[in-house]
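Data file: coords33.cif. Format and content: mmCIF, C-alpha atoms.
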data_run
#
loop_
_atom_site.label_atom_id
_atom_site.label_comp_id
_atom_site.auth_asym_id
_atom_site.auth_seq_id
_atom_site.Cartn_x
_atom_site.Cartn_y
_atom_site.Cartn_z
CA MET A 1 144.77 107.71 94.59
CA THR A 2 141.72 109.87 95.36
CA ARG A 3 139.49 107.48 93.42
CA MET A 4 140.76 104.55 95.48
CA ILE A 5 140.02 106.36 98.77
CA VAL A 6 136.52 107.32 97.59
CA LEU A 7 135.89 103.71 96.50
CA ILE A 8 137.02 102.28 99.85
CA VAL A 9 134.94 104.78 101.84
CA GLY A 10 131.90 104.08 99.62
CA ILE A 11 132.20 100.31 100.08
CA ALA A 12 132.60 100.76 103.85
CA LEU A 13 129.46 102.93 104.00
CA ILE A 14 127.44 100.43 101.98
CA GLY A 15 128.60 97.63 104.29
CA PHE A 16 127.65 99.64 107.38
CA ILE A 17 124.19 100.46 106.03
CA ALA A 18 123.58 96.80 105.12
CA TRP A 19 124.68 95.71 108.61
CA TRP A 20 122.51 98.39 110.28
CA PHE A 21 119.30 97.42 108.49
CA PHE A 22 119.74 93.70 107.79
CA GLY A 23 122.27 92.39 110.32
CA LYS A 24 121.41 90.35 113.38
CA HIS A 25 121.53 92.52 116.48
CA GLU A 26 121.23 91.42 120.08
CA ALA A 27 117.80 92.50 121.32
CA GLN A 28 117.43 93.75 124.88
CA THR A 29 114.65 91.76 126.58
CA GLU A 30 112.71 92.56 129.74
CA SER A 31 110.24 90.29 131.51
CA ALA A 32 107.34 92.00 133.22
CA VAL A 33 106.68 91.34 136.89
CA VAL A 34 103.06 90.75 137.87
CA ASP A 35 102.20 93.10 140.74
CA ASN A 36 98.62 93.32 142.06
CA ASP A 37 97.42 91.33 139.02
CA GLN A 38 98.91 93.98 136.66
CA GLN A 39 102.02 93.97 134.45
CA ASN A 40 103.87 97.19 133.63
CA VAL A 41 106.94 97.75 131.48
CA ASP A 42 108.63 101.06 130.69
CA VAL A 43 109.95 101.41 127.13
CA LEU A 44 112.37 104.23 126.34
CA VAL A 45 112.10 105.55 122.77
CA LYS A 46 115.51 107.00 121.95
CA GLY A 47 117.16 105.99 118.69
CA GLY A 48 115.01 102.85 118.80
CA TYR A 49 113.23 101.01 121.60
CA SER A 50 114.73 99.92 124.90
CA PRO A 51 113.91 97.19 125.67
CA GLU A 52 113.19 95.86 122.20
CA GLN A 53 111.48 92.73 123.49
CA VAL A 54 108.99 92.49 126.33
CA VAL A 55 107.92 89.17 127.84
CA LEU A 56 104.44 89.16 129.43
CA LYS A 57 102.50 86.55 131.37
CA GLN A 58 99.39 85.33 129.59
CA GLY A 59 96.08 86.35 131.15
CA ALA A 60 97.37 89.17 133.38
CA PRO A 61 96.47 92.71 132.25
CA ALA A 62 99.50 94.50 130.84
CA GLN A 63 100.54 98.04 130.06
CA LEU A 64 103.54 99.30 128.13
CA HIS A 65 104.62 102.84 129.03
CA PHE A 66 106.41 104.44 126.05
CA LYS A 67 108.51 107.54 126.82
CA ARG A 68 109.91 109.22 123.72
CA THR A 69 112.98 111.41 124.20
CA ASP A 70 114.12 111.22 120.57
CA PRO A 71 113.17 114.22 118.40
CA SER A 72 113.08 112.09 115.22
CA SER A 73 109.72 112.17 113.45
CA CYS A 74 110.20 108.49 112.56
CA LEU A 75 109.64 107.55 116.20
CA ASP A 76 106.64 109.80 116.83
CA HIS A 77 104.19 106.88 116.48
CA VAL A 78 104.19 103.28 117.64
CA VAL A 79 102.13 100.75 115.66
CA PHE A 80 100.91 97.34 116.87
CA PRO A 81 99.30 95.86 113.72
CA ASP A 82 98.04 92.72 115.52
CA PHE A 83 96.13 94.83 118.05
CA GLY A 84 95.02 97.60 115.69
CA ILE A 85 96.98 100.22 117.67
CA ASN A 86 98.57 103.31 116.11
CA GLN A 87 99.52 105.60 119.00
CA ALA A 88 101.18 109.02 118.74
CA LEU A 89 104.18 109.43 121.04
CA PRO A 90 104.69 113.12 121.86
CA GLU A 91 108.27 113.99 122.75
CA ASN A 92 109.12 113.92 126.48
CA GLU A 93 105.75 112.44 127.44
CA THR A 94 104.81 108.94 128.56
CA LYS A 95 102.01 107.20 126.68
CA THR A 96 100.46 104.02 128.08
CA ILE A 97 99.26 101.25 125.80
CA GLN A 98 97.09 98.36 127.01
CA ILE A 99 98.24 94.99 125.65
CA ASP A 100 95.85 92.06 125.19
CA THR A 101 97.46 89.06 126.89
CA SER A 102 94.57 86.64 126.38
CA LYS A 103 96.44 84.67 123.67
CA ALA A 104 100.01 83.43 123.84
CA GLY A 105 102.20 84.44 120.92
CA GLU A 106 104.65 86.97 119.55
CA TYR A 107 103.35 90.38 118.51
CA GLU A 108 105.56 92.93 116.81
CA TRP A 109 105.46 96.69 117.02
CA ALA A 110 107.17 99.28 114.83
CA CYS A 111 107.64 103.00 114.44
CA GLY A 112 105.39 104.88 112.04
CA MET A 113 107.88 104.41 109.18
CA ASN A 114 108.45 100.70 109.96
CA MET A 115 112.19 101.26 110.43
CA PHE A 116 112.50 100.46 114.17
CA HIS A 117 110.90 97.37 115.64
CA GLY A 118 110.07 95.70 118.92
CA LYS A 119 108.26 92.59 120.05
CA VAL A 120 105.84 91.54 122.79
CA ILE A 121 106.06 87.86 123.73
CA VAL A 122 103.06 86.54 125.67
CA LYS A 123 103.77 83.25 127.46
#
Let me see the file written as structure tokens.
Amino acid sequence: MTRMIVLIVGIALIGFIAWWFFGKHEAQTESAVVDNDQQNVDVLVKGGYSPEQVVLKQGAPAQLHFKRTDPSSCLDHVVFPDFGINQALPENETKTIQIDTSKAGEYEWACGMNMFHGKVIVK
């Protein structure tokens, strides 16, 4: 009986891990508002990124303000490979990152370990 319980718990854990890393999850999206020819979006870093997707208007200068409240070392950097950005995110501080909006497209960001992801969509 104990073997059966261990087997069921093990299968459930494997299923949960597969869902967590490979499953489709609804991404929270926020569209920036252009104010005085500037776009600003606040991104909370706590167990991931909130919002996970940011929509920006092409051609208007944009800034993402990352505030990390999560103590995990995985989230202590944010990396934008398309822009050549690798920014440290000290805990309980806000770091501002300038985003190039000259070209329309989708640009991904990730934590330093590439486990948590986000996306900038320039339209």
Task: Nearest to Gly118 (chain A) by atom-to-atom distance, counting all atoms listed in the file, from A:Ala60, A:Val45, A:Ala32, A:Ala88 - done: A:Val45
- [ ] Quote the spacing between CA of His65 (chain A) and CA of Asp42 (chain A) in Å to one decimal place.
- [x]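 CA of Asp42 (chain A) lies 4.7 Å from CA of His65 (chain A).
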- [ ] Write out as a list in words which residues come within 12 Å of Lys46 (chain A) when counting only C-alpha atoms, dropping same-chain ones fewer than 4 positions away.
- [x] Ser50, Pro51, Glu52, Phe66, Lys67, Arg68, Thr69, Asp70, Pro71, Ser72, Ser73, Cys74, Leu75, Asp76, Leu89, Glu91, Asn92, Cys111 and Phe116 of chain A
Open item on the list: From the options A:Gln58, A:Asn114, A:Asn36, A:Ser102, which residue's atoms come nearest to His77 (chain A), counting only C-alpha atoms?
Closed with: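 The answer is A:Asn114, which sits nearest to His77 (chain A).
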TODO: Within 7 Å of (100.2, 99.0, 131.0) (coordinates as in the file), grab all the protein and nucleic acid residues, counting all atoms listed in the file, and write them out as a PyMOL selection string.
DONE: chain A and resi 39-41+62-65+96-99
Spatial neighbours of Pro81 (chain A), max dist 9 Å, all atoms listed in the file, sep filter under 5 positions, as an mmCIF file with C-alpha atoms, in the frame of the given file:
data_model
loop_
_atom_site.group_PDB
_atom_site.id
_atom_site.type_symbol
_atom_site.label_atom_id
_atom_site.label_comp_id
_atom_site.auth_asym_id
_atom_site.auth_seq_id
_atom_site.Cartn_x
_atom_site.Cartn_y
_atom_site.Cartn_z
ATOM 1 C CA ASN A 86 98.570 103.310 116.110
ATOM 2 C CA TYR A 107 103.350 90.380 118.510
ATOM 3 C CA GLU A 108 105.560 92.930 116.810
ATOM 4 C CA TRP A 109 105.460 96.690 117.020
ATOM 5 C CA ALA A 110 107.170 99.280 114.830
#
TODO: State, in Å with one decimal place, the distance from CA of Val122 (chain A) to CA of Glu30 (chain A).
DONE: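 Computed distance, CA of Val122 (chain A) to CA of Glu30 (chain A), equals 12.1 Å.
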TODO: Just say which residues the PyMOL selection byres ((chain A and resi 103-106) around 10) picks in this file, as JSON, numbers by chain.
DONE: {"A": [53, 54, 55, 56, 57, 58, 59, 82, 100, 101, 102, 107, 108, 119, 120, 121, 122, 123]}
Task: Residue list as a PyMOL selection string for point (118.7, 101.2, 116.3), cut-off 9 Å, all atoms listed in the file - done: chain A and resi 20-21+46-49+115-117
TODO: In Å, rounded to a single decimal, give me how far CA of Met4 (chain A) is from CA of Gly23 (chain A).
DONE: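 One can read the CA of Gly23 (chain A) to CA of Met4 (chain A) distance as 26.6 Å.
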Please put the answer as AutoDock Vina command-line options: centre and edge lengths, in Å with one decimal, of a box along x, y and z that encloses all listed atoms of region 98-103 of chain A plus 3 Å on each side.
--center_x 96.4 --center_y 91.5 --center_z 125.3 --size_x 9.7 --size_y 19.7 --size_z 9.3
